[in-house]
file entry02.txt (compact mmCIF, C-alpha atoms)
# COMPACT_ATOMS: atom_id res chain seq x y z
CA MET A 1 137.53 96.02 106.54
CA LYS A 2 139.29 97.96 109.31
CA ASN A 3 136.01 98.75 111.09
CA PHE A 4 134.89 95.11 110.79
CA ILE A 5 138.10 93.88 112.45
CA ILE A 6 137.83 96.52 115.20
CA TYR A 7 134.23 95.75 116.15
CA LEU A 8 134.79 91.99 115.88
CA GLY A 9 137.66 92.38 118.32
CA ILE A 10 135.50 94.39 120.73
CA LEU A 11 132.76 91.74 120.54
CA ILE A 12 135.24 88.95 121.28
CA LEU A 13 136.77 90.91 124.17
CA THR A 14 133.52 91.79 125.88
CA SER A 15 132.06 88.30 125.42
CA THR A 16 135.19 86.65 126.79
CA VAL A 17 135.36 88.93 129.82
CA GLU A 18 131.71 88.28 130.62
CA LEU A 19 132.06 84.53 130.18
CA PHE A 20 135.11 84.08 132.38
CA SER A 21 134.53 86.71 135.06
CA GLN A 22 130.83 86.58 135.87
CA GLU A 23 131.18 83.92 138.60
CA THR A 24 134.55 85.03 140.01
CA PHE A 25 135.18 87.38 142.92
CA GLU A 26 136.46 90.03 140.51
CA GLY A 27 133.44 89.61 138.23
CA LYS A 28 130.97 89.98 141.08
CA ALA A 29 132.87 92.97 142.51
CA LYS A 30 132.85 94.58 139.07
CA GLY A 31 129.09 94.03 138.87
CA ILE A 32 128.57 95.78 142.20
CA ALA A 33 130.78 98.69 141.13
CA TYR A 34 128.79 98.99 137.89
CA ARG A 35 125.49 99.11 139.78
CA ILE A 36 126.81 101.79 142.14
CA GLU A 37 127.91 103.89 139.17
CA LYS A 38 124.54 103.31 137.48
CA ILE A 39 122.66 104.42 140.63
CA THR A 40 124.65 107.66 140.79
CA LYS A 41 124.12 108.40 137.09
CA GLU A 42 120.38 107.66 137.29
CA GLU A 43 119.80 109.88 140.31
CA LYS A 44 121.92 112.74 138.96
CA GLY A 45 120.16 112.49 135.60
CA LEU A 46 116.78 112.71 137.31
CA LEU A 47 117.97 115.68 139.40
CA LYS A 48 119.13 117.47 136.26
CA LEU A 49 115.70 117.08 134.64
CA GLN A 50 113.97 118.34 137.79
CA VAL A 51 116.27 121.35 137.99
CA GLU A 52 115.54 122.17 134.34
CA GLU A 53 111.80 122.17 135.14
CA ILE A 54 112.42 124.59 138.01
CA ASN A 55 114.46 126.86 135.71
CA ASN A 56 111.58 126.85 133.21
CA GLU A 57 109.14 127.89 135.98
CA LEU A 58 111.57 130.67 136.96
CA GLU A 59 111.85 131.96 133.38
CA LYS A 60 108.05 131.98 133.01
CA GLY A 61 107.66 133.92 136.25
CA ILE A 62 105.71 131.16 138.00
CA ILE A 63 108.19 131.27 140.90
CA ASN A 64 110.86 133.75 141.97
CA ARG A 65 114.60 133.22 142.45
CA ASP A 66 114.35 132.44 146.20
CA GLN A 67 111.61 129.87 145.62
CA ALA A 68 113.65 128.28 142.84
CA ASP A 69 116.76 128.02 145.05
CA GLU A 70 114.71 126.50 147.87
CA LYS A 71 113.21 123.88 145.54
CA LYS A 72 116.64 123.01 144.13
CA LEU A 73 118.07 122.60 147.62
CA LYS A 74 115.27 120.24 148.65
CA LEU A 75 115.69 118.19 145.46
CA ALA A 76 119.46 117.96 146.00
CA GLU A 77 118.97 116.76 149.58
CA ALA A 78 116.40 114.17 148.49
CA THR A 79 118.69 112.95 145.69
CA ALA A 80 121.65 112.63 148.06
CA SER A 81 119.48 110.65 150.49
CA ARG A 82 118.30 108.24 147.79
CA ILE A 83 121.83 107.73 146.48
CA GLU A 84 123.09 107.04 150.01
CA SER A 85 120.31 104.54 150.66
CA ARG A 86 120.66 102.67 147.35
CA VAL A 87 124.46 102.61 147.47
CA ALA A 88 124.38 101.33 151.05
CA GLU A 89 122.58 98.20 149.82
CA GLU A 90 125.31 97.56 147.24
CA GLU A 91 128.05 98.24 149.81
CA ALA A 92 126.47 95.61 152.07
CA LYS A 93 126.64 93.14 149.18
CA LEU A 94 130.31 94.03 148.64
CA THR A 95 131.07 93.48 152.33
CA GLU A 96 129.43 90.05 152.20
CA LEU A 97 131.32 89.24 148.99
CA VAL A 98 134.66 90.10 150.60
CA LYS A 99 133.73 87.95 153.59
CA GLU A 100 132.96 85.02 151.27
CA LYS A 101 136.27 85.55 149.49
CA VAL A 102 138.22 85.53 152.77
CA GLU A 103 136.42 82.42 153.99
CA GLY A 104 137.04 80.65 150.68
CA ARG A 105 133.35 80.21 149.89
CA ILE A 106 133.54 81.58 146.34
CA ALA A 107 134.06 78.73 143.90
CA TYR A 108 132.55 77.22 140.78
CA LEU A 109 130.85 73.87 140.49
CA ASP A 110 132.83 71.24 138.58
CA THR A 111 130.57 69.27 136.23
CA THR A 112 133.03 66.54 135.29
CA LEU A 113 132.51 64.61 138.53
CA PRO A 114 129.50 64.50 140.86
CA LYS A 115 129.62 66.26 144.24
CA GLY A 116 132.95 67.98 143.79
CA ARG A 117 134.14 71.59 143.83
CA MET A 118 137.24 73.08 142.25
CA TYR A 119 139.05 75.89 144.05
CA GLY A 120 141.87 78.14 142.92
CA LYS A 121 143.19 79.97 139.87
CA GLY A 122 145.83 78.25 137.75
CA ILE A 123 146.10 75.47 140.34
CA LYS A 124 142.91 73.43 140.71
CA VAL A 125 142.31 71.76 144.07
CA ARG A 126 139.39 69.36 144.23
CA ILE A 127 137.63 69.03 147.59
CA GLY A 128 135.30 66.01 147.76
CA GLY A 129 133.99 64.22 144.70
CA VAL A 130 134.46 60.58 143.86
CA GLY A 131 136.24 58.81 146.69
CA ASP A 132 136.41 62.09 148.63
CA THR A 133 140.05 62.53 147.59
CA THR A 134 142.13 65.69 147.21
CA LYS A 135 143.79 66.22 143.84
CA VAL A 136 146.02 68.96 142.49
CA SER A 137 146.24 69.61 138.75
CA GLU A 138 148.27 72.39 137.15
CA LYS A 139 147.56 74.77 134.26
CA ARG A 140 150.45 76.40 132.38
CA THR A 141 148.12 78.99 130.84
CA THR A 142 145.89 81.16 133.02
CA SER A 143 143.70 84.16 132.24
CA GLN A 144 143.35 87.58 133.85
CA LEU A 145 140.98 90.53 133.74
CA VAL A 146 143.14 93.66 133.37
CA PHE A 147 142.16 97.15 134.54
CA ALA A 148 144.51 100.15 134.55
CA ALA A 149 144.06 103.86 135.22
CA GLY A 150 146.23 106.92 135.69
CA VAL A 151 147.44 110.15 134.12
CA ASN A 152 147.92 110.78 130.42
CA ASN A 153 149.85 113.36 128.37
CA LEU A 154 151.80 114.01 125.17
CA VAL A 155 155.56 113.95 124.75
CA THR A 156 156.47 116.96 122.60
CA GLY A 157 160.06 117.39 121.49
CA LYS A 158 161.04 114.39 123.66
CA SER A 159 159.74 116.14 126.77
CA VAL A 160 156.51 116.41 128.79
CA ALA A 161 157.69 119.57 130.58
CA HIS A 162 155.65 122.73 129.96
CA SER A 163 152.90 120.61 128.48
CA ASP A 164 149.86 122.08 126.73
CA PHE A 165 147.72 119.64 128.71
CA ARG A 166 146.73 119.35 132.35
CA TYR A 167 148.97 116.88 134.18
CA TRP A 168 146.37 115.66 136.71
CA GLY A 169 143.29 116.42 134.62
CA SER A 170 144.27 114.22 131.66
CA HIS A 171 143.56 110.55 132.39
CA PHE A 172 143.77 107.15 130.76
CA TYR A 173 141.84 103.93 131.36
CA GLU A 174 142.43 100.42 130.05
CA LEU A 175 140.23 97.34 130.26
CA GLY A 176 141.23 94.02 128.79
CA TRP A 177 141.41 90.25 128.94
CA THR A 178 144.80 88.51 128.79
CA TYR A 179 146.24 85.03 128.78
CA ASN A 180 149.43 84.19 130.66
CA SER A 181 151.41 81.16 129.46
CA ARG A 182 154.42 79.78 131.35
CA ILE A 183 157.21 79.31 128.82
CA LEU A 184 159.34 76.73 130.64
CA LYS A 185 157.80 73.51 131.90
CA GLU A 186 159.73 73.34 135.19
CA ASN A 187 160.54 77.01 135.84
CA ASN A 188 158.08 79.74 136.80
CA LEU A 189 160.16 82.80 135.87
CA LEU A 190 159.25 83.42 132.24
CA HIS A 191 155.70 83.91 130.96
CA PHE A 192 154.21 85.14 127.68
CA LYS A 193 151.25 87.48 128.20
CA TYR A 194 148.85 88.33 125.35
CA GLY A 195 145.23 89.31 124.77
CA LEU A 196 142.95 92.24 123.83
CA SER A 197 142.48 95.62 125.53
CA VAL A 198 140.49 98.81 125.03
CA GLN A 199 142.44 101.98 125.88
CA TYR A 200 140.83 105.36 126.66
CA ASN A 201 143.38 108.21 126.40
CA ASN A 202 142.07 111.64 127.46
CA LEU A 203 143.78 115.01 126.97
CA ARG A 204 142.60 118.23 128.64
CA PRO A 205 144.22 121.38 127.15
CA THR A 206 145.31 124.26 129.38
CA ASP A 207 144.48 127.99 129.06
CA ASN A 208 140.84 127.62 127.92
CA ARG A 209 141.77 125.96 124.61
CA TYR A 210 140.33 123.23 122.41
CA PHE A 211 141.35 121.28 119.29
CA VAL A 212 140.60 122.55 115.77
CA GLU A 213 141.33 120.85 112.44
CA ASN A 214 143.29 123.18 110.18
CA GLY A 215 143.54 121.28 106.93
CA LYS A 216 145.71 118.22 107.56
CA GLN A 217 146.95 119.59 110.86
CA THR A 218 145.25 119.69 114.26
CA VAL A 219 146.03 122.68 116.47
CA LEU A 220 144.91 124.18 119.78
CA GLN A 221 142.78 127.31 119.67
CA THR A 222 141.60 129.63 122.46
CA ALA A 223 137.82 129.51 122.99
CA SER A 224 135.72 132.69 122.79
CA GLN A 225 133.70 131.65 125.87
CA ASN A 226 134.87 130.27 129.22
CA LEU A 227 135.12 126.47 129.01
CA ASP A 228 134.20 124.43 132.09
CA ASP A 229 135.76 121.39 130.45
CA SER A 230 137.70 120.67 127.26
CA ARG A 231 138.67 117.08 126.55
CA LEU A 232 139.90 115.07 123.55
CA ARG A 233 139.33 111.33 123.95
CA ASN A 234 140.97 108.66 121.82
CA VAL A 235 139.73 105.06 122.06
CA ASN A 236 142.10 102.33 120.84
CA LEU A 237 141.61 98.59 120.49
CA VAL A 238 145.02 96.96 120.96
CA MET A 239 146.69 93.59 121.32
CA PRO A 240 149.16 93.66 124.26
CA LEU A 241 152.23 91.41 123.99
CA TYR A 242 154.46 91.12 127.07
CA LEU A 243 157.26 88.96 128.43
CA GLU A 244 156.45 88.64 132.13
CA PHE A 245 158.96 87.73 134.82
CA ASP A 246 157.10 86.15 137.74
CA PHE A 247 159.11 85.57 140.92
CA SER A 248 156.48 83.41 142.62
CA LYS A 249 158.20 80.47 144.30
CA LYS A 250 157.68 76.84 143.41
CA GLN A 251 155.34 75.05 145.82
CA ARG A 252 154.78 71.40 146.68
CA HIS A 253 151.73 69.26 147.30
CA LYS A 254 152.28 65.72 148.62
CA GLY A 255 155.89 65.96 147.52
CA LYS A 256 155.07 67.05 143.95
CA PRO A 257 156.09 70.53 142.69
CA PHE A 258 153.59 72.94 141.17
CA TYR A 259 153.60 76.60 140.18
CA GLN A 260 151.27 79.54 140.80
CA THR A 261 151.35 83.02 139.29
CA HIS A 262 150.77 86.43 140.86
CA LYS A 263 152.01 85.35 144.31
CA SER A 264 155.12 87.56 144.45
CA PHE A 265 156.87 90.34 142.52
CA ARG A 266 156.26 90.59 138.77
CA LEU A 267 157.91 92.52 135.92
CA GLY A 268 156.39 92.86 132.48
CA LEU A 269 158.22 94.20 129.41
CA GLY A 270 156.70 94.46 125.95
CA GLY A 271 154.25 96.56 124.02
CA PHE A 272 151.05 96.70 122.02
CA ILE A 273 149.71 97.14 118.50
CA GLY A 274 146.22 98.09 117.40
CA ALA A 275 143.90 100.61 115.82
CA ASN A 276 142.10 103.82 116.72
CA VAL A 277 138.40 103.07 117.18
CA LYS A 278 137.03 106.54 117.90
CA THR A 279 138.11 110.12 118.52
CA LYS A 280 135.77 112.53 120.27
CA GLN A 281 136.10 116.09 121.62
CA ILE A 282 133.87 117.15 124.53
CA LEU A 283 133.37 120.81 125.42
CA LYS A 284 131.32 122.05 128.39
CA TYR A 285 130.41 125.67 128.98
CA GLU A 286 127.62 127.93 130.21
CA GLN A 287 125.50 129.96 127.82
CA ASN A 288 122.64 132.25 128.81
CA GLY A 289 122.45 130.56 132.21
CA HIS A 290 122.28 127.07 130.71
CA ASP A 291 124.87 124.29 130.97
CA MET A 292 125.90 123.32 127.45
CA THR A 293 127.76 120.21 126.27
CA LEU A 294 129.17 119.94 122.74
CA LYS A 295 130.39 116.55 121.49
CA GLU A 296 132.32 116.33 118.22
CA LYS A 297 133.20 112.99 116.59
CA GLY A 298 135.70 112.98 113.76
CA SER A 299 139.19 111.99 112.70
CA PHE A 300 140.93 115.11 114.05
CA ASN A 301 143.79 113.88 111.82
CA VAL A 302 144.62 111.18 114.39
CA ASN A 303 146.62 108.17 113.21
CA ASP A 304 144.40 105.19 112.33
CA PHE A 305 146.83 102.68 113.81
CA VAL A 306 148.78 102.72 117.05
CA TYR A 307 151.77 100.80 118.40
CA GLY A 308 154.01 101.31 121.37
CA LEU A 309 155.99 100.05 124.33
CA GLY A 310 154.84 99.22 127.84
CA ALA A 311 156.14 97.99 131.17
CA TYR A 312 154.77 97.19 134.61
CA LEU A 313 156.34 96.31 137.95
CA GLY A 314 154.42 95.22 141.01
CA TYR A 315 153.51 92.72 143.66
CA LYS A 316 150.79 90.10 143.22
CA GLU A 317 147.82 91.68 141.39
CA THR A 318 148.88 95.36 141.65
CA SER A 319 151.57 97.05 139.53
CA LEU A 320 152.91 100.42 138.50
CA TYR A 321 152.29 100.75 134.76
CA VAL A 322 153.69 102.90 131.96
CA LYS A 323 152.92 102.84 128.23
CA TYR A 324 154.26 104.96 125.38
CA ASP A 325 153.05 105.27 121.78
CA LEU A 326 155.92 105.00 119.30
CA ASN A 327 153.90 106.64 116.52
CA PRO A 328 152.71 110.28 116.89
CA LEU A 329 149.10 111.00 117.80
CA PHE A 330 148.49 113.33 114.82
CA LYS A 331 149.46 112.31 111.27
CA ASP A 332 150.80 115.52 109.72
CA ASN A 333 151.52 117.99 112.51
CA PRO A 334 154.95 119.65 112.06
CA VAL A 335 156.06 118.51 115.54
CA ASP A 336 155.52 114.90 116.59
CA GLN A 337 153.50 114.40 119.78
CA ASN A 338 153.46 110.91 121.26
CA ASN A 339 150.99 109.71 123.87
CA ILE A 340 152.40 108.60 127.25
CA SER A 341 150.51 107.16 130.23
CA LEU A 342 151.50 106.41 133.82
CA GLY A 343 149.28 104.73 136.39
CA VAL A 344 148.27 101.68 138.37
CA ARG A 345 147.44 98.32 136.83
CA PHE A 346 145.44 95.41 138.27
CA ASP A 347 145.69 91.87 136.87
CA PHE A 348 142.79 89.97 138.46
CA ASN A 349 143.68 86.29 138.35
call {"tool": "encode", "arguments": {"input": "entry02.txt", "output": "structure tokens"}}
result
Amino acid sequence: MKNFIIYLGILILTSTVELFSQETFEGKAKGIAYRIEKITKEEKGLLKLQVEEINNELEKGIINRDQADEKKLKLAEATASRIESRVAEEEAKLTELVKEKVEGRIAYLDTTLPKGRMYGKGIKVRIGGVGDTTKVSEKRTTSQLVFAAGVNNLVTGKSVAHSDFRYWGSHFYELGWTYNSRILKENNLLHFKYGLSVQYNNLRPTDNRYFVENGKQTVLQTASQNLDDSRLRNVNLVMPLYLEFDFSKKQRHKGKPFYQTHKSFRLGLGGFIGANVKTKQILKYEQNGHDMTLKEKGSFNVNDFVYGLGAYLGYKETSLYVKYDLNPLFKDNPVDQNNISLGVRFDFN
């Protein structure tokens, strides 16, 4: 039942984000960023396969070490050139997209009336249409695509000092879709913010260590070989619930007041509740001249459910963001360790 609820929530989240963001500036920008990332991964993946073929030729004695290094260098240069060329095309699209945004040419076609376009988020302004009139209508509930990223760690003994995890190497990411409802009809200060988010919390241990399950406890153990990377990733599906204070001023159109969000300073106070979707440990090391990657999926004695507090403070779409898990990461460890994250948050209206 738990897994059914989790995956149903993920399906609803991803479908909603796609539906509401595909024709917006943020949706198009996200699409370009995805394609750039895909280009890089494709080219690097191809390079890795080509390098493996060269290493096989070297092991079989078909070529010597100098010839192998020369081939690898040429492949790397060719890969870099292809990436630069393909990414340049996407960057040109992004430049044009920003230009369209600045000039106000990004909009969606309104189907309720012929020959009319609706502009704006939260406040709809019709240009043209029947009678070629201008009309302003207001929405008390708006929606936002949320993306956050920053550093992640564990609070041990009510402190993050002398942590067992790298401060700058441990990261968190959050992607979600939220709704923002103005509580008072004629005052813009108080809003209720709610939705669904996927959180990725990563921990990278120090001193060449990795996580090991010891019965019901999960402890850090020193690796026998040199680790290039050691990372424990927890993925949570959560429901954020925040009271947002929006200091955007009341505006007027033809003498009538209306309200817009995300136009000034904002403060959000609240928290989240949800479930752990997946826990994975990733280890990277070199063995006999080969790059090895070991991925372990399991419970690692991590709590199945998660709940915590959060806050953000910022201007317009950008905020400083902190979240803290009230329940410990591991169920039965003798010392409680609670996840804490600090970073930057973007609420794309």
call {"tool": "closest_residue", "arguments": {"input": "entry02.txt", "among": "A:Glu42, A:Asp164, A:Glu174, A:Glu296", "to": "A:Leu342", "atoms": "only C-alpha atoms"}}
result
A:Glu174
call {"tool": "residues_around", "arguments": {"input": "entry02.txt", "residues": "A:Ser159", "least_positions_apart": "6", "cutoff": "12 Å", "atoms": "only C-alpha atoms", "output": "PyMOL selection string"}}
result
chain A and resi 153+336-340
call {"tool": "atom_distance", "arguments": {"input": "entry02.txt", "atom1": "atom CA of A:His191", "atom2": "atom CA of A:Tyr312"}}
result
13.8 Å
call {"tool": "closest_residue", "arguments": {"input": "entry02.txt", "among": "A:Leu73, A:Ile39, A:Val322, A:Leu189", "to": "A:Arg86", "atoms": "only C-alpha atoms"}}
result
A:Ile39
call {"tool": "closest_residue", "arguments": {"input": "entry02.txt", "among": "A:Gln50, A:Ser85, A:Thr279, A:Thr222", "to": "A:Ala68", "atoms": "only C-alpha atoms"}}
result
A:Gln50
call {"tool": "residues_around", "arguments": {"input": "entry02.txt", "residues": "A:Phe165", "least_positions_apart": "2", "cutoff": "9 Å", "atoms": "all atoms listed in the file", "output": "PDB file with C-alpha atoms, keeping the file's coordinate frame"}}
result
ATOM      1  CA  ASN A 153     149.850 113.360 128.370  1.00  0.00           C
ATOM      2  CA  LEU A 154     151.800 114.010 125.170  1.00  0.00           C
ATOM      3  CA  HIS A 162     155.650 122.730 129.960  1.00  0.00           C
ATOM      4  CA  SER A 163     152.900 120.610 128.480  1.00  0.00           C
ATOM      5  CA  TYR A 167     148.970 116.880 134.180  1.00  0.00           C
ATOM      6  CA  GLY A 169     143.290 116.420 134.620  1.00  0.00           C
ATOM      7  CA  SER A 170     144.270 114.220 131.660  1.00  0.00           C
ATOM      8  CA  LEU A 203     143.780 115.010 126.970  1.00  0.00           C
ATOM      9  CA  ARG A 204     142.600 118.230 128.640  1.00  0.00           C
ATOM     10  CA  PRO A 205     144.220 121.380 127.150  1.00  0.00           C
ATOM     11  CA  THR A 206     145.310 124.260 129.380  1.00  0.00           C
ATOM     12  CA  ASP A 207     144.480 127.990 129.060  1.00  0.00           C
TER      13      ASP A 207
END
call {"tool": "residues_around", "arguments": {"input": "entry02.txt", "residues": "A:His171", "least_positions_apart": "2", "cutoff": "6 Å", "atoms": "all atoms listed in the file", "output": "PyMOL selection string"}}
result
chain A and resi 150-152+202
call {"tool": "closest_residue", "arguments": {"input": "entry02.txt", "among": "A:Ala223, A:Ala148, A:Val212, A:Val335", "to": "A:Gly298", "atoms": "all atoms listed in the file"}}
result
A:Val212
call {"tool": "residues_around", "arguments": {"input": "entry02.txt", "residues": "stretch 270-278 of chain A", "least_positions_apart": "3", "cutoff": "6 Å", "atoms": "only C-alpha atoms", "output": "PyMOL selection string"}}
result
chain A and resi 234-242+304-310
call {"tool": "residues_around", "arguments": {"input": "entry02.txt", "residues": "A:Phe330", "least_positions_apart": "2", "cutoff": "10 Å", "atoms": "only C-alpha atoms", "output": "JSON, numbers by chain"}}
result
{"A": [216, 217, 218, 219, 299, 300, 301, 302, 303, 304, 327, 328, 332, 333, 334, 335, 336, 337, 338]}
call {"tool": "atom_distance", "arguments": {"input": "entry02.txt", "atom1": "atom CA of A:Glu52", "atom2": "atom CA of A:Asn208"}}
result
26.7 Å
call {"tool": "atom_distance", "arguments": {"input": "entry02.txt", "atom1": "atom CA of A:Asn201", "atom2": "atom CA of A:Ser230"}}
result
13.7 Å
call {"tool": "residues_near_point", "arguments": {"input": "entry02.txt", "point": "(115.4, 129.7, 135.5)", "cutoff": "12 Å", "atoms": "all atoms listed in the file", "output": "ChimeraX atom specification"}}
result
/A:50-69,71-72,288-291
call {"tool": "build_atoms", "arguments": {"input": "entry02.txt", "residues": "stretch 155-164 of chain A", "atoms": "all heavy atoms", "output": "CSV table (one decimal), in the coordinates of the input"}}
result
chain,number,residue,atom,x,y,z
A,155,VAL,N,154.1,113.6,124.8
A,155,VAL,CA,155.6,114.0,124.8
A,155,VAL,C,155.8,114.8,123.5
A,155,VAL,O,155.6,114.3,122.4
A,155,VAL,CB,156.4,112.7,124.7
A,155,VAL,CG1,157.9,113.0,124.5
A,155,VAL,CG2,156.3,111.9,126.0
A,156,THR,N,156.2,116.0,123.7
A,156,THR,CA,156.5,117.0,122.6
A,156,THR,C,157.9,117.3,122.6
A,156,THR,O,158.4,117.8,123.6
A,156,THR,CB,155.6,118.2,122.7
A,156,THR,OG1,154.2,117.9,122.8
A,156,THR,CG2,155.8,119.1,121.5
A,157,GLY,N,158.6,117.1,121.5
A,157,GLY,CA,160.1,117.4,121.5
A,157,GLY,C,160.8,116.6,122.5
A,157,GLY,O,161.7,117.1,123.2
A,158,LYS,N,160.4,115.3,122.7
A,158,LYS,CA,161.0,114.4,123.7
A,158,LYS,C,160.9,114.8,125.1
A,158,LYS,O,161.7,114.5,126.0
A,158,LYS,CB,162.5,114.2,123.3
A,158,LYS,CG,162.7,113.6,121.9
A,158,LYS,CD,164.2,113.3,121.6
A,158,LYS,CE,164.4,112.7,120.2
A,158,LYS,NZ,165.8,112.5,119.9
A,159,SER,N,159.9,115.7,125.4
A,159,SER,CA,159.7,116.1,126.8
A,159,SER,C,158.3,116.3,127.1
A,159,SER,O,157.5,116.7,126.2
A,159,SER,CB,160.5,117.5,127.0
A,159,SER,OG,160.2,118.0,128.2
A,160,VAL,N,157.9,116.1,128.4
A,160,VAL,CA,156.5,116.4,128.8
A,160,VAL,C,156.5,117.7,129.7
A,160,VAL,O,155.4,118.0,130.2
A,160,VAL,CB,155.9,115.2,129.6
A,160,VAL,CG1,155.7,114.0,128.7
A,160,VAL,CG2,156.8,114.8,130.8
A,161,ALA,N,157.6,118.3,129.8
A,161,ALA,CA,157.7,119.6,130.6
A,161,ALA,C,157.0,120.7,129.8
A,161,ALA,O,157.0,120.7,128.6
A,161,ALA,CB,159.1,120.0,130.8
A,162,HIS,N,156.4,121.6,130.5
A,162,HIS,CA,155.6,122.7,130.0
A,162,HIS,C,154.6,122.2,129.0
A,162,HIS,O,154.4,122.8,127.9
A,162,HIS,CB,156.6,123.7,129.3
A,162,HIS,CG,157.8,124.1,130.1
A,162,HIS,ND1,157.6,124.9,131.2
A,162,HIS,CD2,159.1,123.8,130.0
A,162,HIS,CE1,158.8,125.1,131.8
A,162,HIS,NE2,159.7,124.4,131.1
A,163,SER,N,153.9,121.2,129.4
A,163,SER,CA,152.9,120.6,128.5
A,163,SER,C,151.7,121.5,128.2
A,163,SER,O,151.4,122.4,129.0
A,163,SER,CB,152.4,119.3,129.1
A,163,SER,OG,151.3,118.8,128.4
A,164,ASP,N,151.1,121.4,127.1
A,164,ASP,CA,149.9,122.1,126.7
A,164,ASP,C,148.6,121.4,127.4
A,164,ASP,O,147.5,121.9,127.1
A,164,ASP,CB,149.7,122.1,125.2
A,164,ASP,CG,150.7,123.0,124.5
A,164,ASP,OD1,151.0,124.1,125.1
A,164,ASP,OD2,151.1,122.7,123.4
